[in-house]
>>> print(open('input.cif').read())   # mmCIF, C-alpha atoms
data_entry
#
loop_
_atom_site.label_atom_id
_atom_site.label_comp_id
_atom_site.auth_asym_id
_atom_site.auth_seq_id
_atom_site.Cartn_x
_atom_site.Cartn_y
_atom_site.Cartn_z
CA THR A 1452 -84.36 -38.21 -47.26
CA GLU A 1453 -82.49 -37.60 -44.02
CA GLN A 1454 -84.15 -34.17 -43.58
CA GLU A 1455 -87.65 -35.65 -43.93
CA THR A 1456 -86.80 -38.31 -41.32
CA LYS A 1457 -85.71 -35.63 -38.85
CA ASP A 1458 -88.89 -33.63 -39.48
CA LYS A 1459 -91.05 -36.66 -38.65
CA VAL A 1460 -89.38 -37.15 -35.28
CA GLY A 1461 -91.42 -35.37 -32.61
CA ARG A 1462 -92.18 -35.37 -28.93
CA CYS A 1463 -95.28 -35.07 -26.74
CA VAL A 1464 -95.49 -33.51 -23.27
CA ARG A 1465 -98.48 -34.40 -21.07
CA ALA A 1466 -99.37 -32.89 -17.69
CA ARG A 1467 -102.16 -33.48 -15.20
CA ALA A 1468 -102.98 -31.73 -11.93
CA THR A 1469 -105.66 -32.35 -9.29
CA SER A 1470 -106.44 -30.61 -6.02
CA PRO A 1471 -109.26 -31.50 -3.62
CA GLU A 1472 -109.56 -27.97 -2.23
CA VAL A 1473 -107.90 -24.56 -2.58
CA ILE A 1474 -108.89 -21.70 -0.25
CA LEU A 1475 -108.15 -18.01 -0.87
CA ARG A 1476 -109.07 -15.59 1.93
CA VAL A 1477 -108.66 -11.81 1.61
CA ILE A 1478 -108.14 -9.74 4.78
CA ASN A 1479 -107.99 -5.95 5.14
CA ASP A 1480 -105.05 -5.14 7.43
CA LEU A 1481 -104.55 -1.53 6.32
CA GLN A 1482 -104.62 1.32 8.85
CA GLY A 1483 -104.87 -0.99 11.83
CA HIS A 1484 -107.92 -2.92 10.65
CA ASP A 1485 -108.25 -6.66 10.95
CA ASP A 1486 -111.34 -7.16 8.79
CA ALA A 1487 -112.09 -10.23 6.73
CA LEU A 1488 -113.48 -9.44 3.26
CA PHE A 1489 -114.27 -12.64 1.40
CA THR A 1490 -113.26 -16.27 0.94
CA LEU A 1491 -113.02 -18.08 -2.39
CA VAL A 1492 -112.89 -21.88 -2.35
CA GLY A 1493 -112.15 -24.08 -5.35
CA ARG A 1494 -113.04 -27.75 -4.93
CA GLY A 1495 -112.53 -30.73 -7.18
CA PHE A 1496 -109.95 -28.94 -9.35
CA VAL A 1497 -108.88 -31.14 -12.26
CA ALA A 1498 -106.65 -29.96 -15.11
CA GLY A 1499 -104.84 -31.77 -17.87
CA GLY A 1500 -103.32 -31.16 -21.24
CA GLU A 1501 -100.70 -32.10 -23.74
CA VAL A 1502 -98.46 -30.37 -26.24
CA THR A 1503 -97.23 -32.27 -29.30
CA PHE A 1504 -94.23 -31.19 -31.35
CA PRO A 1505 -94.58 -33.17 -34.62
CA GLY A 1506 -91.21 -32.17 -36.00
CA ARG A 1507 -88.64 -29.42 -36.28
CA SER A 1508 -90.31 -27.63 -39.16
CA GLN A 1509 -93.94 -28.28 -38.14
CA THR A 1510 -96.26 -26.24 -35.94
CA PRO A 1511 -96.83 -27.66 -32.43
CA VAL A 1512 -100.37 -28.57 -31.44
CA PHE A 1513 -101.96 -28.64 -27.99
CA LYS A 1514 -105.13 -29.38 -26.10
CA PHE A 1515 -106.14 -28.87 -22.47
CA HIS A 1516 -109.10 -28.95 -20.11
CA VAL A 1517 -109.79 -27.46 -16.67
CA ASN A 1518 -112.77 -28.23 -14.41
CA THR A 1519 -113.57 -26.93 -10.94
CA SER A 1520 -116.41 -25.91 -8.64
CA LEU A 1521 -116.26 -22.52 -6.90
CA PHE A 1522 -117.70 -21.60 -3.52
CA ALA A 1523 -117.57 -18.08 -2.07
CA ASN A 1524 -118.49 -16.39 1.22
CA TYR A 1525 -118.24 -12.75 2.26
CA PHE A 1526 -117.84 -11.41 5.79
CA ASP A 1527 -120.75 -9.29 7.02
CA SER A 1528 -119.21 -6.83 9.48
CA HIS A 1529 -122.69 -5.89 10.74
CA SER A 1530 -123.61 -9.39 11.93
CA ASN A 1531 -119.95 -10.48 12.38
CA LEU A 1532 -120.70 -13.67 10.45
CA TRP A 1533 -119.72 -15.31 7.19
CA GLU A 1534 -122.55 -15.12 4.67
CA PRO A 1535 -122.82 -17.08 1.39
CA PHE A 1536 -121.90 -15.08 -1.71
CA LEU A 1537 -122.52 -17.99 -4.09
CA LEU A 1538 -125.75 -19.69 -3.05
CA LYS A 1539 -124.89 -22.81 -5.05
CA PRO A 1540 -121.58 -24.23 -6.26
CA TRP A 1541 -120.55 -22.61 -9.53
CA GLU A 1542 -119.13 -25.27 -11.83
CA LEU A 1543 -116.82 -24.13 -14.62
CA THR A 1544 -115.14 -26.01 -17.45
CA PHE A 1545 -112.46 -24.59 -19.75
CA THR A 1546 -111.21 -26.39 -22.84
CA GLY A 1547 -108.86 -25.36 -25.61
CA SER A 1548 -107.05 -26.88 -28.54
CA ARG A 1549 -104.92 -26.11 -31.56
CA THR A 1550 -105.16 -28.78 -34.26
CA LYS A 1551 -105.82 -29.29 -37.94
CA HIS A 1552 -109.48 -29.18 -38.87
CA LYS A 1553 -110.53 -32.77 -39.61
CA ALA A 1554 -113.37 -31.78 -41.94
CA SER A 1555 -111.15 -29.55 -44.06
CA ALA A 1556 -108.53 -30.53 -46.62
CA SER A 1557 -106.56 -27.41 -45.78
CA LYS A 1558 -103.31 -27.70 -43.81
CA ARG A 1559 -104.19 -24.61 -41.76
CA PHE A 1560 -104.45 -24.94 -38.00
CA PHE A 1561 -107.48 -23.90 -35.97
CA THR A 1562 -107.30 -22.67 -32.36
CA THR A 1563 -110.45 -22.93 -30.25
CA PHE A 1564 -111.27 -22.04 -26.65
CA GLU A 1565 -114.51 -22.97 -24.94
CA VAL A 1566 -115.98 -22.02 -21.57
CA GLU A 1567 -118.86 -23.98 -20.10
CA SER A 1568 -120.54 -22.35 -17.13
CA HIS A 1569 -123.36 -23.66 -14.98
CA PRO A 1570 -125.85 -21.12 -13.53
CA CYS A 1571 -124.30 -18.70 -11.02
CA TYR A 1572 -126.50 -17.69 -8.05
CA VAL A 1573 -125.15 -14.65 -6.20
CA SER A 1574 -126.38 -12.98 -3.01
CA PHE A 1575 -124.81 -10.17 -0.94
CA SER A 1576 -125.74 -7.24 1.29
CA GLU A 1577 -124.68 -3.62 1.24
CA GLN A 1578 -122.15 -4.40 4.00
CA PHE A 1579 -120.07 -6.32 1.47
CA LEU A 1580 -119.94 -3.28 -0.84
CA VAL A 1581 -119.09 -1.00 2.11
CA SER A 1582 -116.21 -3.29 3.14
CA LEU A 1583 -114.83 -3.46 -0.40
CA GLY A 1584 -115.12 0.32 -0.82
CA GLY A 1585 -113.31 0.97 2.47
CA ALA A 1586 -110.51 -1.45 1.60
CA SER A 1587 -110.16 0.11 -1.86
CA ARG A 1588 -109.81 3.63 -0.41
CA MET A 1589 -107.26 2.44 2.15
CA TRP A 1590 -105.26 0.72 -0.59
CA SER A 1591 -105.25 3.94 -2.62
CA VAL A 1592 -103.85 5.85 0.36
CA TYR A 1593 -101.21 3.19 0.99
CA SER A 1594 -100.20 3.02 -2.69
CA GLY A 1595 -99.95 6.81 -2.87
CA ALA A 1596 -97.76 6.95 0.23
CA THR A 1597 -95.53 4.18 -1.13
CA GLU A 1598 -95.13 5.95 -4.47
CA LYS A 1599 -94.26 9.26 -2.78
CA ALA A 1600 -91.70 7.53 -0.56
CA LYS A 1601 -90.23 5.79 -3.60
CA ASN A 1602 -89.86 9.08 -5.47
CA LEU A 1603 -88.25 10.69 -2.42
CA VAL A 1604 -85.76 7.84 -2.09
CA GLY A 1605 -85.05 8.10 -5.82
CA ARG A 1606 -84.25 11.82 -5.54
CA ASN A 1607 -81.95 11.15 -2.60
CA ASP A 1608 -80.14 8.46 -4.58
CA ALA A 1609 -79.41 10.96 -7.36
CA PHE A 1610 -76.90 12.70 -5.06
CA GLY A 1611 -75.24 9.52 -3.86
CA THR A 1612 -74.61 6.02 -4.94
CA GLU A 1613 -77.17 4.40 -7.19
CA LYS A 1614 -79.29 1.67 -5.71
CA ARG A 1615 -81.15 -1.11 -7.36
CA SER A 1616 -84.84 -0.68 -8.08
CA SER A 1617 -85.74 -3.52 -5.71
CA SER A 1618 -83.85 -1.79 -2.88
CA ARG A 1619 -85.69 1.49 -3.51
CA LYS A 1620 -89.04 -0.31 -3.47
CA SER A 1621 -88.14 -1.97 -0.18
CA MET A 1622 -87.19 1.35 1.41
CA ALA A 1623 -90.39 2.92 0.11
CA ALA A 1624 -92.48 0.12 1.56
CA ASN A 1625 -90.78 0.57 4.94
CA ALA A 1626 -91.49 4.30 4.83
CA ALA A 1627 -95.20 3.70 4.15
CA ARG A 1628 -95.55 0.85 6.61
CA SER A 1629 -96.93 3.20 9.26
CA LEU A 1630 -100.28 2.79 7.49
CA VAL A 1631 -100.24 -0.94 8.21
CA THR A 1632 -100.34 -2.02 11.84
CA THR A 1633 -100.57 -5.49 13.30
CA MET A 1634 -102.15 -4.41 16.61
CA PRO A 1635 -105.77 -3.39 16.02
CA TYR A 1636 -106.73 -3.22 19.74
CA GLY A 1637 -105.62 -0.71 22.35
CA ILE A 1638 -106.07 0.49 25.92
CA GLU A 1639 -106.10 4.23 26.56
CA ASN A 1640 -105.69 5.03 30.25
CA HIS A 1641 -107.53 8.13 31.55
CA SER A 1642 -108.12 6.82 35.08
CA GLY A 1643 -105.33 8.81 36.73
CA MET A 1644 -103.86 5.55 38.05
CA MET A 1645 -101.32 3.06 36.81
CA CYS A 1646 -102.98 -0.02 35.30
CA ALA A 1647 -101.83 -3.21 33.63
CA TYR A 1648 -103.28 -5.83 31.33
CA SER A 1649 -102.67 -9.35 30.14
CA LEU A 1650 -104.29 -11.60 27.54
CA ARG A 1651 -105.38 -15.19 27.26
CA ARG A 1652 -102.85 -17.08 25.15
CA GLY A 1653 -104.02 -18.31 21.75
CA ASP A 1654 -103.28 -21.93 22.69
CA ASP A 1655 -105.19 -21.61 26.02
CA SER A 1656 -102.00 -22.28 27.99
CA GLY A 1657 -102.66 -19.42 30.41
CA GLN A 1658 -102.14 -15.66 30.47
CA THR A 1659 -99.47 -13.51 28.93
CA GLU A 1660 -97.18 -11.38 31.09
CA LYS A 1661 -98.62 -8.16 32.44
CA VAL A 1662 -98.01 -5.00 30.42
CA MET A 1663 -98.04 -1.69 32.31
CA CYS A 1664 -100.09 1.21 30.99
CA PRO A 1665 -99.43 4.55 32.75
CA SER A 1666 -102.11 7.20 33.13
CA GLY A 1667 -102.43 9.22 29.93
CA GLY A 1668 -100.75 6.49 27.88
CA THR A 1669 -101.98 4.09 25.23
CA GLU A 1670 -100.88 0.50 24.75
CA TYR A 1671 -101.76 -1.45 21.59
CA PHE A 1672 -102.05 -5.20 21.41
CA ARG A 1673 -103.33 -8.15 19.42
CA PHE A 1674 -104.97 -11.31 20.70
CA GLY A 1675 -102.97 -14.45 20.17
CA LEU A 1676 -103.90 -16.63 17.21
CA PRO A 1677 -105.24 -20.13 17.84
CA LYS A 1678 -102.85 -22.97 17.06
CA GLY A 1679 -102.91 -24.21 13.48
CA THR A 1680 -101.73 -27.47 11.99
CA GLY A 1681 -98.32 -25.95 11.19
CA ASN A 1682 -95.88 -23.85 13.21
CA GLY A 1683 -97.95 -20.65 13.22
CA GLY A 1684 -101.47 -19.69 14.20
CA ARG A 1685 -104.66 -19.28 12.21
CA ARG A 1686 -106.79 -16.20 11.65
CA LEU A 1687 -110.43 -17.02 12.34
CA TYR A 1688 -113.47 -14.81 11.95
CA GLY A 1689 -117.22 -15.02 12.53
CA GLN A 1690 -118.59 -18.49 13.23
CA ASP A 1691 -115.13 -20.01 12.65
CA VAL A 1692 -113.97 -18.63 16.01
CA LYS A 1693 -114.11 -21.37 18.65
CA HIS A 1694 -112.01 -19.75 21.38
CA LYS A 1695 -112.58 -16.72 23.61
CA LYS A 1696 -110.62 -13.49 23.33
CA THR A 1697 -110.06 -12.64 26.99
CA LEU A 1698 -108.58 -9.40 28.35
CA TYR A 1699 -107.52 -9.11 32.01
CA LEU A 1700 -107.35 -5.48 33.18
CA PHE A 1701 -105.64 -4.82 36.54
CA ILE A 1702 -106.24 -1.57 38.46
CA GLY A 1703 -104.67 -1.60 41.88
CA GLU A 1704 -105.66 -4.88 43.51
CA LYS A 1705 -108.76 -5.32 41.37
CA ALA A 1706 -108.95 -7.39 38.20
CA ILE A 1707 -111.57 -6.88 35.49
CA VAL A 1708 -112.09 -9.72 33.00
CA TYR A 1709 -113.49 -9.07 29.53
CA ASP A 1710 -114.63 -12.24 27.75
CA HIS A 1711 -115.92 -12.24 24.17
#
>>> encode(input="input.cif", output="structure tokens")
Amino acid sequence: TEQETKDKVGRCVRARATSPEVILRVINDLQGHDDALFTLVGRGFVAGGEVTFPGRSQTPVFKFHVNTSLFANYFDSHSNLWEPFLLKPWELTFTGSRTKHKASASKRFFTTFEVESHPCYVSFSEQFLVSLGGASRMWSVYSGATEKAKNLVGRNDAFGTEKRSSSRKSMAANAARSLVTTMPYGIENHSGMMCAYSLRRGDDSGQTEKVMCPSGGTEYFRFGLPKGTGNGGRRLYGQDVKHKKTLYLFIGEKAIVYDH
């Protein structure tokens, strides 16, 4: 019949994705810190799958597979170096399907998911746990301040015009942003004299302009980031750092150079 012909007409959607390398790096920037926590690298990522729609009145079936190798390092703040978290690459394979069971005469569908994991070798020091604990406490403080600011903004809105939820969240984030600073270094002048400082530029093109720091004052700053492959700079830590962070401190006619 015409209805049976329509039911037999189906379609199949196939997709495939590959990526040679994906890098995820987590940094703690809360409360003026600039501390690297860990890096997760996925290499040789391959994924594919297909979904088949047999007909209008039939149940769709699918199958997929994902394979990748994971590498991980954590930043040891004591030695100021990246240390291996996974001693060997951790290879993972995920597969799943929803089809009719071939060995059964039943028309019922079976859904299966499988995970194949190679041995996982992990190594870390107590510094990694200390860094994670510190970041977790800082995040709790920041989240609490954001929530309080959001509630305060919400109460103020009750007496005026209503604002969208996204706008209230944005105002709350701005109110709590004092806990997040982008200048982790500072000069506090107790010499009784006017001083000034400048920095080596991140692209090694010379020094920045002098910034005055009066006696009793504090000036915060951040070293310039080295040039990346795009428009911005790159954050580098530990043995990845290939350039010097140089501070020029001027007191009167004398100049003191700090290289590290």
>>> closest_residue(input="input.cif", among="A:Arg1673, A:Lys1551, A:Lys1558, A:Arg1476", to="Tyr1525 (chain A)", atoms="only C-alpha atoms")
A:Arg1476
>>> resolve_selection(input="input.cif", expression="the PyMOL selection byres ((chain A and resi 1574) around 12)", output="number ranges by chain")
A: 1523-1525, 1534-1539, 1571-1573, 1575-1580
>>> residues_around(input="input.cif", residues="Ile1474 (chain A)", least_positions_apart="3", cutoff="9 Å", atoms="all atoms listed in the file", output="CSV table (one decimal) with C-alpha atoms, in the coordinates of the input")
chain,number,residue,atom,x,y,z
A,1490,THR,CA,-113.3,-16.3,0.9
A,1491,LEU,CA,-113.0,-18.1,-2.4
A,1492,VAL,CA,-112.9,-21.9,-2.4
A,1493,GLY,CA,-112.2,-24.1,-5.4
A,1494,ARG,CA,-113.0,-27.8,-4.9
>>> residues_around(input="input.cif", residues="Val1581 (chain A)", least_positions_apart="6", cutoff="10 Å", atoms="all atoms listed in the file", output="ChimeraX atom specification")
/A:1527-1528,1587
>>> axis_aligned_box(input="input.cif", around="region 1659-1678 of chain A", padding_each_side="5 Å", output="JSON")
{"center_x": -101.2, "center_y": -6.9, "center_z": 25.1, "size_x": 18.1, "size_y": 42.2, "size_z": 26.1}
>>> residues_near_point(input="input.cif", point="(-118.2, -27.2, -10.0)", cutoff="12 Å", atoms="all atoms listed in the file", output="MDAnalysis selection string")
chainID A and resid 1471:1472 1492:1497 1517:1522 1537 1539:1545 1567:1571
>>> closest_residue(input="input.cif", among="A:Ser1548, A:Thr1562, A:Asn1479, A:Asn1531", to="Val1502 (chain A)", atoms="only C-alpha atoms")
A:Ser1548
>>> residues_around(input="input.cif", residues="Asp1486 (chain A)", least_positions_apart="4", cutoff="12 Å", atoms="all atoms listed in the file", output="list in words")
Arg1476, Val1477, Ile1478, Asn1479, Asp1480, Leu1481, Gln1482, Tyr1525, Phe1526, Asp1527, Ser1528, His1529, Asn1531, Leu1532, Trp1533, Phe1579, Val1581, Ser1582, Leu1583, Gly1585, Ala1586, Thr1633, Pro1635, Arg1686, Leu1687, Tyr1688 and Gly1689 of chain A
>>> residues_around(input="input.cif", residues="Thr1563 (chain A)", least_positions_apart="3", cutoff="12 Å", atoms="all atoms listed in the file", output="PyMOL selection string")
chain A and resi 1512-1516+1545-1552+1560+1566
>>> residues_around(input="input.cif", residues="Tyr1699 (chain A)", least_positions_apart="3", cutoff="6 Å", atoms="only C-alpha atoms", output="JSON, numbers by chain")
{"A": [1648, 1649, 1707, 1708]}
>>> resolve_selection(input="input.cif", expression="the PyMOL selection byres ((chain A and resi 1462) around 7)", output="ChimeraX atom specification")
/A:1461,1463-1464,1503-1505
>>> build_atoms(input="input.cif", residues="region 1519-1530 of chain A", atoms="all heavy atoms", output="mmCIF file, keeping the file's coordinate frame")
data_model
loop_
_atom_site.group_PDB
_atom_site.id
_atom_site.type_symbol
_atom_site.label_atom_id
_atom_site.label_comp_id
_atom_site.auth_asym_id
_atom_site.auth_seq_id
_atom_site.Cartn_x
_atom_site.Cartn_y
_atom_site.Cartn_z
ATOM 1 N N THR A 1519 -113.559 -27.187 -12.377
ATOM 2 C CA THR A 1519 -113.570 -26.930 -10.940
ATOM 3 C C THR A 1519 -114.937 -26.414 -10.524
ATOM 4 O O THR A 1519 -115.732 -25.962 -11.365
ATOM 5 C CB THR A 1519 -112.486 -25.911 -10.550
ATOM 6 O OG1 THR A 1519 -112.415 -25.819 -9.122
ATOM 7 C CG2 THR A 1519 -112.795 -24.536 -11.115
ATOM 8 N N SER A 1520 -115.206 -26.477 -9.234
ATOM 9 C CA SER A 1520 -116.410 -25.910 -8.640
ATOM 10 C C SER A 1520 -116.012 -24.834 -7.649
ATOM 11 O O SER A 1520 -115.151 -25.074 -6.791
ATOM 12 C CB SER A 1520 -117.248 -26.996 -7.938
ATOM 13 O OG SER A 1520 -117.749 -27.928 -8.867
ATOM 14 N N LEU A 1521 -116.616 -23.658 -7.750
ATOM 15 C CA LEU A 1521 -116.260 -22.520 -6.900
ATOM 16 C C LEU A 1521 -117.330 -22.288 -5.838
ATOM 17 O O LEU A 1521 -118.532 -22.359 -6.111
ATOM 18 C CB LEU A 1521 -116.099 -21.254 -7.744
ATOM 19 C CG LEU A 1521 -114.988 -21.265 -8.797
ATOM 20 C CD1 LEU A 1521 -114.954 -19.944 -9.535
ATOM 21 C CD2 LEU A 1521 -113.638 -21.552 -8.162
ATOM 22 N N PHE A 1522 -116.855 -22.002 -4.632
ATOM 23 C CA PHE A 1522 -117.700 -21.600 -3.520
ATOM 24 C C PHE A 1522 -117.158 -20.260 -3.022
ATOM 25 O O PHE A 1522 -115.949 -20.034 -3.049
ATOM 26 C CB PHE A 1522 -117.672 -22.619 -2.385
ATOM 27 C CG PHE A 1522 -118.127 -23.999 -2.772
ATOM 28 C CD1 PHE A 1522 -117.304 -24.837 -3.527
ATOM 29 C CD2 PHE A 1522 -119.361 -24.465 -2.385
ATOM 30 C CE1 PHE A 1522 -117.712 -26.108 -3.879
ATOM 31 C CE2 PHE A 1522 -119.779 -25.743 -2.736
ATOM 32 C CZ PHE A 1522 -118.961 -26.559 -3.479
ATOM 33 N N ALA A 1523 -118.026 -19.395 -2.536
ATOM 34 C CA ALA A 1523 -117.570 -18.080 -2.070
ATOM 35 C C ALA A 1523 -118.446 -17.601 -0.924
ATOM 36 O O ALA A 1523 -119.675 -17.760 -0.951
ATOM 37 C CB ALA A 1523 -117.569 -17.060 -3.205
ATOM 38 N N ASN A 1524 -117.796 -17.020 0.087
ATOM 39 C CA ASN A 1524 -118.490 -16.390 1.220
ATOM 40 C C ASN A 1524 -117.919 -14.988 1.408
ATOM 41 O O ASN A 1524 -116.748 -14.739 1.107
ATOM 42 C CB ASN A 1524 -118.306 -17.191 2.505
ATOM 43 C CG ASN A 1524 -118.930 -18.566 2.428
ATOM 44 O OD1 ASN A 1524 -120.001 -18.736 1.852
ATOM 45 N ND2 ASN A 1524 -118.254 -19.559 2.991
ATOM 46 N N TYR A 1525 -118.720 -14.081 1.892
ATOM 47 C CA TYR A 1525 -118.240 -12.750 2.260
ATOM 48 C C TYR A 1525 -118.509 -12.528 3.741
ATOM 49 O O TYR A 1525 -119.414 -13.134 4.323
ATOM 50 C CB TYR A 1525 -118.897 -11.661 1.413
ATOM 51 C CG TYR A 1525 -120.357 -11.407 1.738
ATOM 52 C CD1 TYR A 1525 -120.743 -10.432 2.656
ATOM 53 C CD2 TYR A 1525 -121.359 -12.148 1.119
ATOM 54 C CE1 TYR A 1525 -122.075 -10.198 2.952
ATOM 55 C CE2 TYR A 1525 -122.694 -11.930 1.405
ATOM 56 C CZ TYR A 1525 -123.051 -10.962 2.330
ATOM 57 O OH TYR A 1525 -124.370 -10.744 2.624
ATOM 58 N N PHE A 1526 -117.701 -11.666 4.354
ATOM 59 C CA PHE A 1526 -117.840 -11.410 5.790
ATOM 60 C C PHE A 1526 -118.709 -10.184 5.994
ATOM 61 O O PHE A 1526 -118.391 -9.083 5.535
ATOM 62 C CB PHE A 1526 -116.468 -11.191 6.429
ATOM 63 C CG PHE A 1526 -116.516 -11.175 7.930
ATOM 64 C CD1 PHE A 1526 -116.661 -12.361 8.643
ATOM 65 C CD2 PHE A 1526 -116.430 -9.994 8.636
ATOM 66 C CE1 PHE A 1526 -116.710 -12.362 10.022
ATOM 67 C CE2 PHE A 1526 -116.479 -9.979 10.016
ATOM 68 C CZ PHE A 1526 -116.615 -11.168 10.715
ATOM 69 N N ASP A 1527 -119.826 -10.380 6.696
ATOM 70 C CA ASP A 1527 -120.750 -9.290 7.020
ATOM 71 C C ASP A 1527 -120.310 -8.669 8.336
ATOM 72 O O ASP A 1527 -120.469 -9.271 9.397
ATOM 73 C CB ASP A 1527 -122.180 -9.821 7.120
ATOM 74 C CG ASP A 1527 -123.217 -8.706 7.179
ATOM 75 O OD1 ASP A 1527 -122.898 -7.630 7.729
ATOM 76 O OD2 ASP A 1527 -124.337 -8.901 6.666
ATOM 77 N N SER A 1528 -119.722 -7.477 8.260
ATOM 78 C CA SER A 1528 -119.210 -6.830 9.480
ATOM 79 C C SER A 1528 -120.332 -6.379 10.406
ATOM 80 O O SER A 1528 -120.086 -6.103 11.579
ATOM 81 C CB SER A 1528 -118.350 -5.612 9.088
ATOM 82 O OG SER A 1528 -119.098 -4.700 8.301
ATOM 83 N N HIS A 1529 -121.565 -6.294 9.899
ATOM 84 C CA HIS A 1529 -122.690 -5.890 10.740
ATOM 85 C C HIS A 1529 -123.109 -7.028 11.669
ATOM 86 O O HIS A 1529 -123.316 -6.832 12.871
ATOM 87 C CB HIS A 1529 -123.866 -5.446 9.873
ATOM 88 C CG HIS A 1529 -125.046 -4.951 10.665
ATOM 89 N ND1 HIS A 1529 -125.033 -3.756 11.354
ATOM 90 C CD2 HIS A 1529 -126.269 -5.502 10.882
ATOM 91 C CE1 HIS A 1529 -126.198 -3.583 11.957
ATOM 92 N NE2 HIS A 1529 -126.956 -4.636 11.696
ATOM 93 N N SER A 1530 -123.230 -8.232 11.126
ATOM 94 C CA SER A 1530 -123.610 -9.390 11.930
ATOM 95 C C SER A 1530 -122.405 -10.143 12.468
ATOM 96 O O SER A 1530 -122.561 -11.052 13.288
ATOM 97 C CB SER A 1530 -124.477 -10.337 11.097
ATOM 98 O OG SER A 1530 -123.752 -10.842 9.981
#
